[in-house]
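One file, query.txt, is given below (compact mmCIF, C-alpha atoms).
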```
# COMPACT_ATOMS: atom_id res chain seq x y z
CA MET A 1 80.17 135.22 148.50
CA ASP A 2 78.22 137.59 146.24
CA LEU A 3 78.29 136.77 142.53
CA ARG A 4 78.05 140.47 141.74
CA VAL A 5 81.23 141.15 143.69
CA LEU A 6 83.00 138.35 141.83
CA ARG A 7 82.06 140.11 138.59
CA TYR A 8 83.55 143.30 140.02
CA PHE A 9 86.72 141.41 140.94
CA LEU A 10 87.03 139.92 137.44
CA ALA A 11 86.60 143.33 135.81
CA VAL A 12 89.42 144.80 137.91
CA ALA A 13 91.61 141.75 137.25
CA ARG A 14 91.00 142.11 133.51
CA GLU A 15 91.51 145.88 133.31
CA GLU A 16 94.32 146.04 135.90
CA ASN A 17 92.98 149.49 136.73
CA MET A 18 90.31 150.45 139.26
CA THR A 19 89.12 153.56 137.40
CA ARG A 20 88.61 151.80 134.06
CA ALA A 21 86.88 148.86 135.76
CA ALA A 22 84.51 151.23 137.61
CA GLN A 23 83.61 152.94 134.34
CA ILE A 24 82.89 149.62 132.63
CA LEU A 25 80.80 148.42 135.59
CA HIS A 26 78.96 151.77 135.89
CA VAL A 27 79.76 152.13 139.58
CA THR A 28 81.78 154.75 141.42
CA GLN A 29 85.41 153.99 142.18
CA PRO A 30 84.91 154.31 145.97
CA THR A 31 82.04 151.79 145.77
CA LEU A 32 84.19 149.37 143.79
CA SER A 33 87.10 149.78 146.21
CA ARG A 34 84.86 149.09 149.22
CA GLN A 35 83.40 145.95 147.62
CA LEU A 36 86.84 144.53 146.81
CA LYS A 37 88.19 145.39 150.26
CA ALA A 38 85.23 143.55 151.78
CA LEU A 39 85.97 140.56 149.53
CA GLU A 40 89.57 140.47 150.76
CA GLU A 41 88.37 140.63 154.35
CA GLU A 42 85.84 137.84 153.74
CA LEU A 43 88.54 135.57 152.29
CA GLY A 44 91.24 136.67 154.71
CA LYS A 45 93.69 137.13 151.83
CA THR A 46 95.23 140.03 149.93
CA LEU A 47 94.06 139.75 146.32
CA PHE A 48 95.76 142.77 144.75
CA ILE A 49 99.10 144.54 144.78
CA ARG A 50 98.31 148.20 144.21
CA HIS A 51 100.90 150.09 142.13
CA ALA A 52 100.82 153.75 141.12
CA PHE A 53 99.06 153.23 137.79
CA ARG A 54 97.99 149.60 137.74
CA ILE A 55 96.76 146.76 139.90
CA GLU A 56 98.44 143.35 139.95
CA LEU A 57 96.94 140.10 141.21
CA THR A 58 98.64 138.29 144.05
CA GLU A 59 99.03 134.51 143.90
CA GLU A 60 95.80 134.23 145.88
CA GLY A 61 94.15 136.67 143.48
CA GLN A 62 95.18 134.56 140.49
CA LEU A 63 93.62 131.49 142.13
CA LEU A 64 90.40 133.38 142.80
CA ARG A 65 90.34 134.63 139.22
CA ARG A 66 90.36 131.06 137.87
CA ARG A 67 87.65 129.96 140.29
CA ALA A 68 85.56 133.10 139.79
CA GLU A 69 85.62 132.73 136.00
CA ASP A 70 84.22 129.21 136.35
CA LEU A 71 81.55 130.33 138.82
CA VAL A 72 80.42 133.29 136.71
CA ASP A 73 80.37 131.16 133.56
CA MET A 74 78.27 128.55 135.34
CA ALA A 75 75.86 131.18 136.68
CA ASP A 76 75.42 132.66 133.22
CA LYS A 77 74.88 129.21 131.73
CA ILE A 78 72.19 128.39 134.32
CA ALA A 79 70.44 131.72 133.75
CA ASN A 80 70.47 131.21 129.98
CA GLU A 81 69.12 127.67 130.30
CA PHE A 82 66.20 128.74 132.47
CA SER A 83 65.38 131.75 130.31
CA ALA A 84 65.29 129.47 127.25
CA MET A 85 63.08 126.74 128.73
CA ASP A 86 59.93 128.17 127.21
CA ASP A 87 61.62 129.35 124.02
CA ILE A 88 61.28 126.55 121.50
CA THR A 89 62.96 128.70 118.82
CA GLY A 90 66.31 129.05 120.54
CA GLY A 91 68.54 128.99 123.58
CA ASP A 92 72.24 128.63 124.35
CA LEU A 93 74.64 125.80 123.49
CA TYR A 94 78.16 125.49 124.86
CA PHE A 95 80.88 123.56 123.00
CA GLY A 96 84.53 122.83 123.71
CA LEU A 97 86.50 121.92 120.59
CA ALA A 98 89.83 120.26 120.00
CA GLU A 99 91.56 120.88 116.65
CA SER A 100 90.46 118.72 113.73
CA TYR A 101 89.27 119.24 110.16
CA GLN A 102 86.25 117.13 111.11
CA ILE A 103 84.97 120.12 113.07
CA ARG A 104 83.32 120.93 109.75
CA PHE A 105 80.69 118.27 110.48
CA LEU A 106 79.76 120.13 113.66
CA ALA A 107 79.79 123.51 111.89
CA GLN A 108 77.54 122.19 109.15
CA GLU A 109 75.06 120.84 111.69
CA ILE A 110 75.06 124.10 113.69
CA LYS A 111 74.38 125.99 110.44
CA ARG A 112 71.37 123.76 109.68
CA PHE A 113 70.19 123.85 113.27
CA LYS A 114 70.36 127.65 113.45
CA ARG A 115 68.12 127.91 110.38
CA LYS A 116 65.55 125.82 112.21
CA TYR A 117 65.99 127.58 115.56
CA PRO A 118 66.90 131.17 114.65
CA ASN A 119 67.27 132.33 118.25
CA LEU A 120 70.03 129.82 118.93
CA GLN A 121 73.16 131.25 120.54
CA TYR A 122 76.21 129.00 120.49
CA HIS A 123 79.42 129.51 122.47
CA ILE A 124 82.74 127.97 121.41
CA THR A 125 85.79 127.25 123.57
CA SER A 126 88.85 125.84 121.80
CA GLY A 127 91.70 123.91 123.36
CA GLY A 128 93.30 120.53 123.82
CA THR A 129 91.31 117.49 124.88
CA GLU A 130 92.34 117.91 128.53
CA GLN A 131 91.21 121.53 128.58
CA VAL A 132 87.78 120.98 127.06
CA ILE A 133 87.13 117.84 129.13
CA GLU A 134 87.92 119.78 132.30
CA ARG A 135 85.31 122.39 131.39
CA LEU A 136 82.82 119.68 130.46
CA ASP A 137 83.33 117.99 133.83
CA LYS A 138 82.73 121.29 135.62
CA GLY A 139 79.40 121.68 133.84
CA LEU A 140 80.54 124.70 131.83
CA LEU A 141 79.96 122.94 128.50
CA ASP A 142 77.11 120.93 127.03
CA PHE A 143 79.34 119.05 124.59
CA ALA A 144 83.03 118.50 123.93
CA VAL A 145 84.69 117.42 120.70
CA ILE A 146 87.90 115.51 121.38
CA VAL A 147 90.50 113.54 119.42
CA GLU A 148 91.42 111.02 122.10
CA THR A 149 89.55 107.87 123.09
CA PRO A 150 86.98 108.98 125.68
CA ASP A 151 86.15 107.35 129.00
CA TYR A 152 82.98 105.46 128.10
CA LYS A 153 82.15 105.03 131.80
CA LYS A 154 81.85 108.80 132.25
CA TYR A 155 80.61 110.03 128.89
CA ASN A 156 78.08 109.33 126.20
CA VAL A 157 79.84 109.29 122.85
CA LEU A 158 79.16 109.89 119.16
CA GLU A 159 82.01 108.95 116.83
CA PHE A 160 82.64 111.19 113.83
CA PRO A 161 82.58 109.39 110.46
CA GLU A 162 86.19 110.00 109.35
CA THR A 163 89.69 109.87 110.88
CA ASP A 164 92.47 112.42 111.24
CA LYS A 165 95.82 111.41 109.75
CA TRP A 166 99.17 112.42 111.25
CA GLY A 167 102.15 113.71 109.35
CA ALA A 168 104.98 116.23 109.24
CA ILE A 169 104.81 119.86 108.08
CA VAL A 170 108.00 121.27 106.55
CA PRO A 171 108.96 123.97 104.01
CA LYS A 172 108.77 122.70 100.45
CA ASP A 173 112.54 123.09 100.10
CA HIS A 174 113.19 120.89 103.17
CA PRO A 175 114.83 117.48 102.48
CA LEU A 176 111.78 115.68 103.90
CA ALA A 177 109.45 117.42 101.45
CA SER A 178 110.61 115.16 98.60
CA LYS A 179 109.57 112.00 100.46
CA GLU A 180 106.16 110.35 100.01
CA THR A 181 106.03 109.35 103.68
CA VAL A 182 107.98 110.04 106.87
CA CYS A 183 109.14 107.29 109.23
CA VAL A 184 110.50 107.62 112.76
CA ASP A 185 114.11 107.29 111.60
CA ASP A 186 113.63 110.34 109.35
CA LEU A 187 112.86 112.48 112.40
CA ILE A 188 115.68 111.35 114.70
CA GLY A 189 118.02 114.26 115.35
CA LEU A 190 115.60 116.89 114.03
CA PRO A 191 113.94 119.56 116.22
CA LEU A 192 110.23 118.74 116.45
CA PHE A 193 107.17 120.87 117.21
CA VAL A 194 103.98 119.26 118.49
CA SER A 195 101.34 119.74 121.17
CA GLU A 196 102.45 118.52 124.57
CA GLN A 197 99.35 116.37 124.86
CA SER A 198 100.10 114.61 121.57
CA TRP A 199 103.77 114.21 122.49
CA ASN A 200 102.68 112.25 125.54
CA ALA A 201 99.74 110.35 124.05
CA ASP A 202 99.86 110.06 120.24
CA ILE A 203 103.47 110.16 119.08
CA PRO A 204 104.57 107.32 121.43
CA ARG A 205 101.95 105.05 119.80
CA TRP A 206 103.73 105.62 116.51
CA ALA A 207 107.38 105.87 117.53
CA GLY A 208 107.35 102.95 119.97
CA THR A 209 110.77 102.18 121.46
CA LYS A 210 112.38 104.91 119.31
CA MET A 211 110.41 107.61 121.13
CA LYS A 212 113.47 108.21 123.33
CA ASP A 213 115.45 109.19 120.22
CA LEU A 214 113.06 112.00 119.24
CA LYS A 215 113.60 115.57 120.41
CA ALA A 216 110.79 118.02 121.11
CA GLU A 217 112.05 121.50 120.31
CA GLY A 218 108.86 123.17 121.51
CA PHE A 219 105.20 122.56 122.30
CA PHE A 220 102.40 124.40 120.51
CA GLN A 221 98.74 124.09 121.48
CA LEU A 222 97.75 125.54 118.10
CA SER A 223 99.10 123.97 114.93
CA TYR A 224 98.99 127.32 113.14
CA ASN A 225 101.61 128.77 115.49
CA GLY A 226 103.78 125.68 115.11
CA ALA A 227 103.54 126.01 111.32
CA ILE A 228 104.94 129.55 111.53
CA PHE A 229 108.04 128.21 113.28
CA ALA A 230 108.31 125.27 110.88
CA GLY A 231 108.03 127.68 107.96
CA GLU A 232 111.03 129.59 109.28
CA GLY A 233 113.06 126.39 109.23
CA LEU A 234 113.27 126.10 113.01
CA GLY A 235 111.94 122.54 113.13
CA VAL A 236 109.44 119.99 111.86
CA LEU A 237 105.80 120.31 112.92
CA LEU A 238 104.01 117.06 113.73
CA THR A 239 100.28 117.55 113.34
CA LEU A 240 97.07 116.33 111.75
CA ASP A 241 96.36 116.71 108.05
CA HIS A 242 94.13 119.55 106.82
CA LEU A 243 94.85 121.86 109.77
CA ILE A 244 97.53 123.78 107.85
CA ASN A 245 97.28 125.01 104.27
CA THR A 246 99.83 123.04 102.24
CA GLY A 247 98.29 123.64 98.81
CA SER A 248 100.07 124.77 95.67
CA GLU A 249 100.07 128.40 96.83
CA SER A 250 101.66 127.50 100.19
CA ASP A 251 105.38 127.25 100.98
CA LEU A 252 104.69 124.27 103.27
CA ALA A 253 104.29 120.56 102.55
CA PHE A 254 102.51 117.80 104.50
CA ILE A 255 104.12 114.33 104.47
CA PRO A 256 102.06 111.50 106.06
CA PHE A 257 103.54 109.14 108.64
CA ASP A 258 104.69 105.63 107.78
CA PRO A 259 103.30 103.49 109.27
CA PRO A 260 100.10 105.56 109.30
CA LEU A 261 98.99 107.12 112.56
CA GLU A 262 95.32 108.10 112.79
CA ASN A 263 93.04 109.63 115.39
CA LYS A 264 89.30 109.26 115.65
CA MET A 265 87.17 112.18 116.72
CA TYR A 266 84.32 112.09 119.23
CA LEU A 267 81.45 114.24 120.39
CA VAL A 268 81.02 113.57 124.11
CA TRP A 269 78.73 114.68 126.93
CA LYS A 270 78.42 113.60 130.54
CA LYS A 271 76.33 110.58 131.39
CA TYR A 272 73.02 111.41 133.08
CA GLN A 273 73.42 115.05 132.06
CA VAL A 274 70.23 117.10 132.26
CA PHE A 275 70.10 119.17 129.09
CA SER A 276 68.25 122.37 128.30
CA PRO A 277 65.47 121.95 125.71
CA ILE A 278 67.65 123.35 122.91
CA ALA A 279 70.52 121.01 123.81
CA GLU A 280 68.15 118.04 123.71
CA LYS A 281 66.95 119.08 120.26
CA PHE A 282 70.51 119.56 119.03
CA LEU A 283 71.60 116.15 120.31
CA GLU A 284 68.69 114.47 118.56
CA GLU A 285 69.51 116.13 115.25
CA ILE A 286 73.27 115.63 115.33
CA ARG A 287 72.76 111.96 116.15
CA ASN A 288 70.83 111.64 112.91
CA TYR A 289 73.43 113.66 111.00
CA ILE A 290 76.57 111.87 112.22
CA CYS A 291 75.06 108.43 112.76
CA PRO A 292 72.04 108.16 110.44
CA LEU A 293 69.98 104.99 110.65
```

Spell out the structure here as structure tokens.
Amino acid sequence: MDLRVLRYFLAVAREENMTRAAQILHVTQPTLSRQLKALEEELGKTLFIRHAFRIELTEEGQLLRRRAEDLVDMADKIANEFSAMDDITGGDLYFGLAESYQIRFLAQEIKRFKRKYPNLQYHITSGGTEQVIERLDKGLLDFAVIVETPDYKKYNVLEFPETDKWGAIVPKDHPLASKETVCVDDLIGLPLFVSEQSWNADIPRWAGTKMKDLKAEGFFQLSYNGAIFAGEGLGVLLTLDHLINTGSESDLAFIPFDPPLENKMYLVWKKYQVFSPIAEKFLEEIRNYICPL
């Protein structure tokens, strides 16, 4: 399977139009059509449903799109690593980041590192712990930053110096906003917003046997989106502190959990991973920054 043809396929899948994709790829439309037809014949599957003015992926086409994106990303990562092997002033770094205010430690280190290595190019993917770990396992990332306890058998780990504290986000005129802390009983019967991952992993640690009495109104991967719904009075957002602006100029309030619920944050990478020169340099420096001797 030709990597170039996979890039053609992804362009058509993204544009949903053969003509626009051909223009972007700088190939003729008949050439592009022939290449994609040959790809369908090679796989023995129909990848597109061709409508009058747009192209739609079949179920098989959607599967290939996910696989092709991973393959193309990996190929680009390999090419960048090899091209940077003799460039001691730069190279490419790939990070997957879960949400946390402690990301600032990573941002600060990248800022310092980029001053030292001005040709550094860094690539950020954001998502939940499961999402970024999946990309790390596939070799698409150098490092992942997660807020769940990592598998120490699979990963090398650096622990960030602080912890993330859980609480509830509500409008400042909400009855909960006058409380100093929120306990499980305060949330029973209220519609709750939270990430699905945290609903399954973090909130049960706090709620214990009363977890069955809590109601998830909706799941939000991004706390910002959940805060929009909470701000409209549709429910209570359960999230980490510092992710949402709840200052004096905001209409929202953050009330910490009682008893406290905290998450640690970790920088992880695969055991026995062979790094590019720039990744090795970055790891050495962030070790000293996060865990100084």

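Shortest atom-to-atom contact with Ser250 of chain A among A:Asp173, A:Asp213, A:Glu280, A:Glu130: A:Asp173, counting all atoms listed in the file.
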
Could you work out an axis-aligned box for segment 100-106 of chain A, taking every atom the file lists and adding 4 Å on each side, and report centre and edge lengths in Å to one decimal, as AutoDock Vina command-line options?
```
--center_x 85.1 --center_y 119.0 --center_z 111.7 --size_x 18.7 --size_y 11.8 --size_z 12.0
```

Determine, counting only C-alpha atoms, which protein, DNA and RNA residues have an atom within 9 Å of an atom of Phe160 of chain A; residues of the same chain fewer than 5 positions away are not included. Present the result as number ranges by chain. A: 102, 105, 264-267, 290-291

Quick one: residues within 10 Å of Gly167 of chain A, only C-alpha atoms counted, chain neighbours fewer than 3 positions away excluded, as a PyMOL selection string? chain A and resi 164+170+181-183+236-241+253-258+260-262

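Nearest to Ala52 of chain A of all the residues A:Met18, A:Ala201, A:Leu71, A:Leu36 is A:Met18, based on all atoms listed in the file.
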
Quick one: residues within 9 Å of segment 136-142 of chain A, all atoms listed in the file counted, chain neighbours fewer than 2 positions away excluded, as a PyMOL selection string? chain A and resi 70+73-74+77+93-96+123+125+131-134+144+268-270+273+275+279

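Straight-line separation from atom CA of Arg7 of chain A to atom CA of Gln121 of chain A: 22.0 Å.
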
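Atom CA of Ala177 of chain A to atom CA of Gly218 of chain A spans 20.9 Å [interatomic distance, one decimal].
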
Atom pair atom CA of Ser198 of chain A / atom CA of Gly247 of chain A: separation (Å): 24.6 Å

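Nearest to Glu217 of chain A of all the residues A:Val194, A:Ile203, A:Leu64, A:Leu6 is A:Val194, counting all atoms listed in the file.
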
Using only C-alpha atoms, pick whichever of A:Lys116, A:Lys165, A:Lys215, A:Lys153 has the shortest atom-to-atom distance to Pro191 of chain A. A:Lys215

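The closest residue to Thr209 of chain A, picked from A:Asp185, A:Glu249, A:Glu69, A:Glu196 and counting all atoms listed in the file, is A:Asp185.
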
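The shortest atom-to-atom distance to Ala107 of chain A, with all atoms listed in the file taken into account, belongs to A:Tyr122 out of A:Thr129, A:Gly61, A:His174, A:Tyr122.
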
Got a sec to check which residues sit within 12 Å of (94.0, 147.1, 133.6), counting only C-alpha atoms, and write them as a list of chain:residue names? A:Phe9, A:Leu10, A:Ala11, A:Val12, A:Ala13, A:Arg14, A:Glu15, A:Glu16, A:Asn17, A:Met18, A:Thr19, A:Arg20, A:Ala21, A:Ala22, A:Gln23, A:Ile24, A:Arg50, A:His51, A:Phe53, A:Arg54, A:Ile55, A:Glu56, A:Leu57

Scan for residues within 10 Å of the point (120.4, 113.9, 122.1) in the coordinates of the file, using all atoms listed in the file, and reply as a short mmCIF file (atom, residue, chain, number, x, y, z; two decimals) with C-alpha atoms, keeping the file's coordinate frame.
```cif
data_model
loop_
_atom_site.label_atom_id
_atom_site.label_comp_id
_atom_site.auth_asym_id
_atom_site.auth_seq_id
_atom_site.Cartn_x
_atom_site.Cartn_y
_atom_site.Cartn_z
CA ILE A 188 115.68 111.35 114.70
CA GLY A 189 118.02 114.26 115.35
CA LEU A 190 115.60 116.89 114.03
CA LYS A 212 113.47 108.21 123.33
CA ASP A 213 115.45 109.19 120.22
CA LEU A 214 113.06 112.00 119.24
CA LYS A 215 113.60 115.57 120.41
#
```
